[in-house]
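> Below: one structure in C-alpha cells.
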Amino acid sequence: MQSDNGRLLSQPKKNICAIAFIYAFFIFAFFLNNLYAADNRFITPTNSGFTGILSIPDAYTVGDDETRVGFSMEDPYRKYYLTYGIFPDIEFNGLITEILGAPGFSSPQDSGYGYYKDKAFDFKFQFLRESKYLPALALGINDPYGNALYPSEYLVASKEIYPFDFTVGFGDGRYGSKPLISNNDGIQVGMFTNTEKWLRESMPFFGIQFFPSKTFGLEVAYDPTQYQNQSLDPANWSIDFFQNKPVPSNFDYGIVYNPTKNLQLIASYQRGNTIALNADIHFNLDKSVIHVFDRPYVRTAYIYRKETFRGEIRRAMLFYGFSNIGINIHNGKLYVQMENNKFFSDKKAAYMALQTLAKINNGKINTARVIIEDDYVPVLEASANLKILKIASSSIKYSHDLKRFIKINIENGIKTENAITRDNKIFNYWIAPSFQTLLNDPSNFFQYNLGIVGYGIAHPWTGGSAILGVGAYPADNVSSNQAPLSIPVRSDFYLYEKNRINLSSLMFQQMGVFPDNIYAKFAAGLLENEYGGINFQAAKVFYSGRIILELGGSYLKKRSVDDVFGFGDVPDEIPLNHYYTYFFTSVFNFKSLNSSLKIKTGRFLAGDKGAEFFLSKYLSNGIKLFAWLSLTDTNVFPASDPYNRGYRDIGLGISIPLRILDGTESKTKFGYSLSPWTRDVAQDISQYTDLSNFLTNKIFIDKN
C-alpha cells in the first residue's frame, strides 16, 4: 500500500509556506501574548461528532454531562452522531455513518435496508488540562470495535492564545499511513499493545481556530487521511468514490456560526473538492426540562375542629400519595411507616412528610420518625424534632433549607417498629410510554414499536404483589425476513412483536428483608414477553452501599407466540425445552463519581458462560445512563452460526423520570436501550424488579 506521509512533503511550496507561517505565529504568540485563555472558546464537533476541527480531533472534550446531537454531510458520507461527557475530561461519541450510493446488502429482499450503514463509537480522554503555560493533552480511540471501518488512535495537544486556538497531533489508522485492519477480537488499542508499530504508522495533523466572538468563528485543518488507501471503506470497494486517486488537498476550511446558545452550524470546504455541512444541538443532560411543583397540604377549618390528630396525619399522608400507612404515638414521639407511591426520591418523600407533620403538629409531639417503604421494603429512615422544624419553617423562606433540620439514614439498616392502625392499599397501577427499536436488520435498517405499557399491581399481603402488565403499540413496523439463529433466545423476538396489544407479564412477586439486612425477591409466572417460569435473587449491601453482592437465577420456558397463556409451541424456532440461568453479581458504587460498575457473572440464557459489565451514571435530576459489554464463551453456538460465534454483546441506554418532562411528581420512568442488532449472546430475562438495580438506584437517587 502506497505511503507518502499524507503528501505533506510532496505538496507545492504553498503548503510548506503555510506550515512555516503556523509555527512562526505560534512561537510569536507564545512569547508576546502571555498565553491568555478566554472563557468563550468554541467547542466544535468534527464531521464525525467528536470534539475537534472539521475533520481532525483536538485536545478538548465536552463538559461533564454535556450532550451534543448532530448531523453532518460530506459526500459520500452522511453521519448521525451523539457525543456525551461521561465524566470530567472523558468524552464518548456514538456514530452512524451512511455511505451514499453503496448498497447495504446485495439481496433484492434486503433492498429496504437502503445504503450501507456503519455503527461506531469513539472515546477521548483529556489527561492534561490546559493551563497558562501548558497545552491541553488528550488521547483518543476511534471505532475500536466490531467491523472497525474507520479506526484510529491519536495523541493531540491544543492551546488557546485568544482569539486563536492551535491544535497539533498525530495518529494512525484513518490519520496514518496504513489503515487499521480489525481482527474481530474485541476492542483493540494498538497504541499500548504495539507502540512501535503505532509510532511508525502515525502521521501528523494540525489545525487553527479563530473566534473573535461567541457567535462566529473560522477554522482551518490539515487532515492527512489517505482516502484512496482506506481499503475497508465501502466508499472505495463498493462504489470506488475516490477512484484510487489522492484528494486534491489535505487542507479543510470552515465557518462556524452559533445562532443560539444551543445550536451550532458549520459550513466547510474539504478535500479540495467537497462542500460539507454540520449542524448540532447541545445541552446539559443534568438539567430538568420543567421544574417539579409540589402542591403543599393545606389544613381546612373542618378538619382542624372535627378530626383527630391521628386522622389528620393519615389524611395528610394520603394527600401526598402514601399508602399502607402505619402510625404509632407514644410519650411525645411519633412513628410513621408507609409506602411511597408518588415521589421519585424517597428522600424527598421523607422531607415532605416531616415538614407536613411539623405543620399539623398539635404541640404534644416532640420528635417524629418516618420509615419510607418501596414494595413493602423499608428503604429510608428520617427523623426530626417537629417543634424546632416548625419554628424553622416559619422563618426560613425556602423549604430546601429546612433539610438541615432533618436526619436521614439510608444505608445503615432500617429498624422498623410495630405501627398500629396500619391500613393497606391493596391495588396500585402505573402507565409509561414505550419505545423499542430494531436496528440494522437486513430487511429494514430502522424498525420500531411505539406505544404505552401499563401495570396493575395488587398487594394481598406485606411484600406480596400480583402483577399484570399489558402493552399497546399503535405504531409498530417490526418484522424481519431473517430466520432466528441457532439458539434463538432473543434473535426471534420479532415473532413476539406482531400483535399491537400483548400481555407482557402476569406474575406473582414477593419482596422481603431478612435478618442482617439480606434482601430477597421471588417471582413466578409470565415474567416477560418471551419467557415464563421462576426467578430468585438475594442480595446484601456492604460498606454503606459501596458494594452490593447478589446471587440469583431463573428456570424458564419460552412462551408461545400465538397462545397468550401457552408455552413453547413455535415449531423449529425453539430447539430447547427449557432454559436456566444462574449469576453471581457484584456492584461497586462510586459515590463521588455518581457511577456504579455492575459485574454479572454466570450462565446466560443460551448456555454461554462468562461475564457482562454494566457501567451506569446517575444524574442529579434522576436520569440514569448505562452501557454494557459482554465477555462470554460463545462456543455453545455452532460454527454455522457466525453471527453469535465470537460476538460480544454491547450497547447503551437511558432511563428518564417523567417528572422532569411534565413537572408532576411521579415514580414513572421511560427507558430506552440501543444495541447494534438482536443476537443471542449474554442474554437474560427482563425483570420487573431486579434486586441489585433496585438497591443501587435507591443509593444514588437519594444520595443528594
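Quick note on naming: the chains in the C-alpha cells go A, B, ... in the order shown, residues restart at 1 in each chain, and ligands are numbered from 1 in order of appearance.
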If you count only C-alpha atoms, which residues fall within 8 Å of segment 440-457 of chain A, apart from same-chain ones fewer than 4 positions away, as a PDB file with C-alpha atoms, in the first residue's frame?


```pdb
ATOM      1  CA  GLY A 104     -26.255  -2.174   2.328  1.00  0.00           C
ATOM      2  CA  PHE A 105     -26.997  -5.671   1.041  1.00  0.00           C
ATOM      3  CA  GLN A 109     -35.249  -8.953  -0.474  1.00  0.00           C
ATOM      4  CA  ASP A 110     -32.985  -6.704   1.602  1.00  0.00           C
ATOM      5  CA  SER A 111     -33.430  -3.638  -0.584  1.00  0.00           C
ATOM      6  CA  GLY A 112     -35.461  -1.925   2.146  1.00  0.00           C
ATOM      7  CA  TYR A 113     -32.273  -1.531   4.181  1.00  0.00           C
ATOM      8  CA  GLY A 114     -31.020   1.295   1.958  1.00  0.00           C
ATOM      9  CA  PHE A 427     -54.196  -2.039  44.474  1.00  0.00           C
ATOM     10  CA  ASN A 428     -51.904   0.302  42.553  1.00  0.00           C
ATOM     11  CA  TYR A 429     -51.067   0.969  38.911  1.00  0.00           C
ATOM     12  CA  TRP A 430     -48.728   2.924  36.651  1.00  0.00           C
ATOM     13  CA  ILE A 431     -48.533   3.726  32.949  1.00  0.00           C
ATOM     14  CA  ALA A 432     -45.465   4.705  30.946  1.00  0.00           C
ATOM     15  CA  PRO A 433     -44.582   5.352  27.295  1.00  0.00           C
ATOM     16  CA  SER A 434     -42.723   2.590  25.490  1.00  0.00           C
ATOM     17  CA  PHE A 435     -40.394   2.905  22.513  1.00  0.00           C
ATOM     18  CA  GLN A 436     -38.376  -0.036  21.225  1.00  0.00           C
ATOM     19  CA  SER A 465     -47.511  -8.349  44.597  1.00  0.00           C
ATOM     20  CA  ALA A 466     -49.701  -9.806  41.878  1.00  0.00           C
ATOM     21  CA  ILE A 467     -48.632  -8.032  38.689  1.00  0.00           C
ATOM     22  CA  LEU A 468     -50.438  -7.695  35.367  1.00  0.00           C
ATOM     23  CA  GLY A 469     -48.598  -5.948  32.521  1.00  0.00           C
ATOM     24  CA  VAL A 470     -50.167  -5.028  29.170  1.00  0.00           C
ATOM     25  CA  GLY A 471     -48.546  -3.209  26.259  1.00  0.00           C
ATOM     26  CA  ALA A 472     -50.351  -1.418  23.442  1.00  0.00           C
ATOM     27  CA  TYR A 473     -48.382  -0.359  20.348  1.00  0.00           C
ATOM     28  CA  PRO A 474     -50.438   1.522  17.736  1.00  0.00           C
ATOM     29  CA  ALA A 475     -47.259   2.361  15.794  1.00  0.00           C
ATOM     30  CA  ASP A 476     -45.346  -0.837  15.017  1.00  0.00           C
ATOM     31  CA  ASN A 477     -43.354  -1.878  11.938  1.00  0.00           C
ATOM     32  CA  VAL A 478     -41.123  -4.575  13.487  1.00  0.00           C
ATOM     33  CA  SER A 479     -40.603  -7.576  11.208  1.00  0.00           C
ATOM     34  CA  SER A 480     -37.735  -9.498   9.669  1.00  0.00           C
ATOM     35  CA  ASN A 481     -37.012 -11.756   6.728  1.00  0.00           C
ATOM     36  CA  GLN A 482     -34.134 -13.336   8.649  1.00  0.00           C
ATOM     37  CA  PRO A 676     -26.336  -2.972  17.243  1.00  0.00           C
ATOM     38  CA  TRP A 677     -28.560  -5.926  16.369  1.00  0.00           C
TER      39      TRP A 677
END
```

> DSSP on the backbone: which residues in segment 79-165 of chain A end up as strand (DSSP E)? Give the answer as a PDB file with C-alpha atoms, in the first residue's frame.


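Output below, filename part05.pdb:
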```pdb
ATOM      1  CA  LYS A  79     -23.349  10.943   9.542  1.00  0.00           C
ATOM      2  CA  TYR A  80     -25.528  11.000  12.647  1.00  0.00           C
ATOM      3  CA  TYR A  81     -23.791  11.393  15.994  1.00  0.00           C
ATOM      4  CA  LEU A  82     -24.311  11.745  19.721  1.00  0.00           C
ATOM      5  CA  THR A  83     -21.499  12.998  21.964  1.00  0.00           C
ATOM      6  CA  TYR A  84     -21.615  12.890  25.752  1.00  0.00           C
ATOM      7  CA  GLY A  85     -19.267  13.930  28.559  1.00  0.00           C
ATOM      8  CA  ILE A  86     -19.294  10.768  30.665  1.00  0.00           C
ATOM      9  CA  PHE A  87     -17.010  12.220  33.342  1.00  0.00           C
ATOM     10  CA  ILE A  90     -13.789  11.913  29.194  1.00  0.00           C
ATOM     11  CA  GLU A  91     -15.869  12.102  26.037  1.00  0.00           C
ATOM     12  CA  PHE A  92     -17.929   9.360  24.401  1.00  0.00           C
ATOM     13  CA  ASN A  93     -19.151   9.607  20.816  1.00  0.00           C
ATOM     14  CA  GLY A  94     -21.653   7.311  19.108  1.00  0.00           C
ATOM     15  CA  LEU A  95     -21.821   7.474  15.318  1.00  0.00           C
ATOM     16  CA  ILE A  96     -23.799   6.067  12.387  1.00  0.00           C
ATOM     17  CA  THR A  97     -22.144   6.610   9.010  1.00  0.00           C
ATOM     18  CA  GLU A  98     -24.200   6.138   5.854  1.00  0.00           C
ATOM     19  CA  ILE A  99     -22.275   5.798   2.579  1.00  0.00           C
ATOM     20  CA  LEU A 100     -24.464   7.243  -0.146  1.00  0.00           C
ATOM     21  CA  GLY A 101     -24.589   5.095  -3.259  1.00  0.00           C
ATOM     22  CA  ALA A 102     -23.194   1.979  -1.558  1.00  0.00           C
ATOM     23  CA  PRO A 103     -25.924  -0.670  -1.125  1.00  0.00           C
ATOM     24  CA  TYR A 115     -27.415   2.472   1.727  1.00  0.00           C
ATOM     25  CA  TYR A 116     -24.535   0.889   3.642  1.00  0.00           C
ATOM     26  CA  LYS A 117     -24.517   1.979   7.298  1.00  0.00           C
ATOM     27  CA  ASP A 118     -21.681   1.609   9.764  1.00  0.00           C
ATOM     28  CA  LYS A 119     -22.052   1.896  13.545  1.00  0.00           C
ATOM     29  CA  ALA A 120     -19.137   3.029  15.671  1.00  0.00           C
ATOM     30  CA  PHE A 121     -18.182   4.619  18.959  1.00  0.00           C
ATOM     31  CA  ASP A 122     -15.223   6.793  19.929  1.00  0.00           C
ATOM     32  CA  PHE A 123     -13.546   7.786  23.190  1.00  0.00           C
ATOM     33  CA  LYS A 124     -11.352  10.736  24.090  1.00  0.00           C
ATOM     34  CA  PHE A 125      -9.540  11.296  27.382  1.00  0.00           C
ATOM     35  CA  GLN A 126      -8.015  14.676  28.198  1.00  0.00           C
ATOM     36  CA  PHE A 127      -5.265  13.615  30.600  1.00  0.00           C
ATOM     37  CA  LEU A 128      -3.792  17.117  30.989  1.00  0.00           C
ATOM     38  CA  ALA A 136      -4.309  20.529  26.870  1.00  0.00           C
ATOM     39  CA  LEU A 137      -3.254  16.974  26.028  1.00  0.00           C
ATOM     40  CA  ALA A 138      -5.584  14.152  25.074  1.00  0.00           C
ATOM     41  CA  LEU A 139      -5.559  10.675  23.621  1.00  0.00           C
ATOM     42  CA  GLY A 140      -8.381   9.259  21.561  1.00  0.00           C
ATOM     43  CA  ILE A 141      -9.554   5.928  20.229  1.00  0.00           C
ATOM     44  CA  ASN A 142     -11.980   5.949  17.311  1.00  0.00           C
ATOM     45  CA  SER A 152      -7.676   5.498  14.562  1.00  0.00           C
ATOM     46  CA  GLU A 153      -5.689   6.105  17.715  1.00  0.00           C
ATOM     47  CA  TYR A 154      -4.177   9.511  18.297  1.00  0.00           C
ATOM     48  CA  LEU A 155      -2.409  11.891  20.669  1.00  0.00           C
ATOM     49  CA  VAL A 156      -3.216  15.586  20.366  1.00  0.00           C
ATOM     50  CA  ALA A 157      -2.328  18.901  22.012  1.00  0.00           C
ATOM     51  CA  SER A 158      -4.323  22.158  21.913  1.00  0.00           C
ATOM     52  CA  LYS A 159      -3.520  25.634  23.239  1.00  0.00           C
ATOM     53  CA  GLU A 160      -5.610  28.756  23.211  1.00  0.00           C
ATOM     54  CA  ILE A 161      -3.979  32.104  22.562  1.00  0.00           C
ATOM     55  CA  PHE A 164      -6.813  31.805  18.331  1.00  0.00           C
ATOM     56  CA  ASP A 165      -6.734  28.147  19.282  1.00  0.00           C
TER      57      ASP A 165
END
```

> List as a PyMOL selection string the protein and nucleic acid residues near segment 538-548 of chain A, meaning an atom at most 6 Å away when only C-alpha atoms are counted, but skip any in the same chain fewer than 2 places from it.

chain A and resi 411+518-520+550-551+586-589

> Restricted to N, CA and C atoms, what would the selected residues look like written as a compact mmCIF listing (two decimals), in the first residue's frame?


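For reference, result_7.txt as written:
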```txt
# COMPACT_ATOMS: atom_id res chain seq x y z
N GLU A 411 -28.45 3.83 54.43
CA GLU A 411 -27.64 2.66 54.14
C GLU A 411 -27.26 1.80 55.34
N ILE A 518 -30.44 -8.76 54.72
CA ILE A 518 -30.39 -9.52 53.48
C ILE A 518 -31.72 -9.33 52.76
N TYR A 519 -31.65 -8.82 51.52
CA TYR A 519 -32.84 -8.57 50.72
C TYR A 519 -33.08 -9.77 49.80
N ALA A 520 -34.35 -10.11 49.59
CA ALA A 520 -34.67 -11.25 48.73
C ALA A 520 -35.90 -10.94 47.89
N GLU A 550 -24.86 -10.16 45.11
CA GLU A 550 -26.16 -10.76 44.82
C GLU A 550 -25.99 -12.14 44.22
N LEU A 551 -26.86 -13.07 44.60
CA LEU A 551 -26.97 -14.38 43.98
C LEU A 551 -28.36 -14.50 43.38
N SER A 586 -21.76 -8.60 41.35
CA SER A 586 -21.08 -7.66 42.24
C SER A 586 -21.32 -6.25 41.71
N VAL A 587 -21.71 -5.36 42.59
CA VAL A 587 -21.94 -3.97 42.22
C VAL A 587 -21.01 -3.09 43.05
N PHE A 588 -20.23 -2.26 42.38
CA PHE A 588 -19.32 -1.33 43.04
C PHE A 588 -19.82 0.08 42.77
N ASN A 589 -20.21 0.76 43.83
CA ASN A 589 -20.80 2.10 43.71
C ASN A 589 -19.76 3.16 44.05
```

> Fewer than 2 positions away in the same chain doesn't count, so skip those; otherwise give me all residues within 9 Å of Gly533 of chain A, counting only C-alpha atoms, as a list in words.

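Contacts, in chain order: Ala523, Ala524, Gly525, Leu526, Leu527, Tyr531, Asn535, Ser554, Tyr555, Leu556, Lys557 and Lys558 of chain A.
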
> May I have the residues from that selection written out with N, CA and C atoms, as a short mmCIF file (atom, residue, chain, number, x, y, z; two decimals), in the first residue's frame?


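This went into selection12.cif:
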```
data_model
loop_
_atom_site.label_atom_id
_atom_site.label_comp_id
_atom_site.auth_asym_id
_atom_site.auth_seq_id
_atom_site.Cartn_x
_atom_site.Cartn_y
_atom_site.Cartn_z
N ALA A 523 -40.06 -14.45 42.16
CA ALA A 523 -41.09 -14.14 41.17
C ALA A 523 -41.43 -15.40 40.39
N ALA A 524 -42.71 -15.56 40.04
CA ALA A 524 -43.16 -16.72 39.29
C ALA A 524 -44.32 -16.31 38.39
N GLY A 525 -44.37 -16.92 37.19
CA GLY A 525 -45.46 -16.63 36.26
C GLY A 525 -44.92 -16.27 34.89
N LEU A 526 -45.71 -15.51 34.14
CA LEU A 526 -45.26 -14.99 32.85
C LEU A 526 -44.42 -13.76 33.14
N LEU A 527 -43.08 -13.93 33.12
CA LEU A 527 -42.18 -12.90 33.64
C LEU A 527 -41.94 -11.76 32.66
N TYR A 531 -40.69 -15.11 28.03
CA TYR A 531 -40.39 -16.19 28.96
C TYR A 531 -41.32 -16.19 30.17
N ASN A 535 -38.01 -16.99 39.13
CA ASN A 535 -36.77 -16.23 39.26
C ASN A 535 -36.56 -15.91 40.73
N SER A 554 -32.73 -18.25 37.29
CA SER A 554 -34.08 -18.46 36.77
C SER A 554 -34.18 -19.84 36.16
N TYR A 555 -35.40 -20.39 36.20
CA TYR A 555 -35.75 -21.61 35.46
C TYR A 555 -36.94 -21.23 34.59
N LEU A 556 -36.82 -21.40 33.25
CA LEU A 556 -37.76 -20.76 32.35
C LEU A 556 -38.19 -21.67 31.21
N LYS A 557 -39.34 -21.35 30.65
CA LYS A 557 -39.77 -21.90 29.38
C LYS A 557 -40.18 -20.75 28.48
N LYS A 558 -40.02 -20.95 27.18
CA LYS A 558 -40.38 -19.89 26.24
C LYS A 558 -41.88 -19.88 26.02
#
```

> So which residues touch segment 314-322 of chain A within 8 Å, counting only C-alpha atoms, skipping near sequence neighbours fewer than 2 positions away, as number ranges by chain?

A: 297, 310-312, 324-325, 338-342, 353, 356

> Keeping only C-alpha atoms, write the selected residues as a short mmCIF file (atom, residue, chain, number, x, y, z; two decimals), in the first residue's frame.


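Wrote it out as part.cif, contents follow:
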```cif
data_model
loop_
_atom_site.label_atom_id
_atom_site.label_comp_id
_atom_site.auth_asym_id
_atom_site.auth_seq_id
_atom_site.Cartn_x
_atom_site.Cartn_y
_atom_site.Cartn_z
CA TYR A 297 -51.01 20.13 52.10
CA ARG A 310 -54.08 10.64 64.11
CA GLY A 311 -56.78 11.02 61.46
CA GLU A 312 -55.27 14.24 60.15
CA ASN A 324 -50.15 1.34 53.75
CA ILE A 325 -49.82 3.99 56.46
CA MET A 338 -45.71 3.98 54.88
CA GLU A 339 -45.33 3.07 51.22
CA ASN A 340 -44.10 5.75 48.81
CA ASN A 341 -46.20 5.59 45.63
CA LYS A 342 -45.63 9.10 44.29
CA ALA A 353 -43.77 14.12 55.18
CA THR A 356 -46.10 18.47 56.89
#
```

> If we count only C-alpha atoms and set the cut-off at 6 Å, which residues sit around segment 663-671 of chain A, ignoring sequence neighbours fewer than 3 positions away in its own chain? Please answer as an MDAnalysis selection string.

chainID A and resid 290:292 342:344 654:660

> Emit the selected residues as an mmCIF file, in the first residue's frame, including C-alpha atoms.


```cif
data_model
loop_
_atom_site.group_PDB
_atom_site.id
_atom_site.type_symbol
_atom_site.label_atom_id
_atom_site.label_comp_id
_atom_site.auth_asym_id
_atom_site.auth_seq_id
_atom_site.Cartn_x
_atom_site.Cartn_y
_atom_site.Cartn_z
ATOM 1 C CA ILE A 290 -39.564 21.582 33.692
ATOM 2 C CA HIS A 291 -39.461 22.472 37.380
ATOM 3 C CA VAL A 292 -41.380 19.985 39.515
ATOM 4 C CA LYS A 342 -45.632 9.097 44.287
ATOM 5 C CA PHE A 343 -42.222 10.659 44.917
ATOM 6 C CA PHE A 344 -39.369 9.674 42.614
ATOM 7 C CA ILE A 654 -31.037 5.792 29.203
ATOM 8 C CA SER A 655 -33.719 5.942 31.879
ATOM 9 C CA ILE A 656 -35.636 9.234 32.174
ATOM 10 C CA PRO A 657 -38.051 10.070 35.008
ATOM 11 C CA LEU A 658 -41.196 11.557 33.515
ATOM 12 C CA ARG A 659 -41.341 14.094 36.337
ATOM 13 C CA ILE A 660 -38.669 16.247 34.651
#
```

> Quick one: residues within 7 Å of Tyr269 of chain A, only C-alpha atoms counted, chain neighbours fewer than 2 positions away excluded, as a ChimeraX atom specification?

/A:252-254,272,274-276

> Do you have the atom CA of Thr61 of chain A-atom CA of Thr437 of chain A distance handy?

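Interatomic distance, atom CA of Thr61 of chain A to atom CA of Thr437 of chain A: 29.5 Å.
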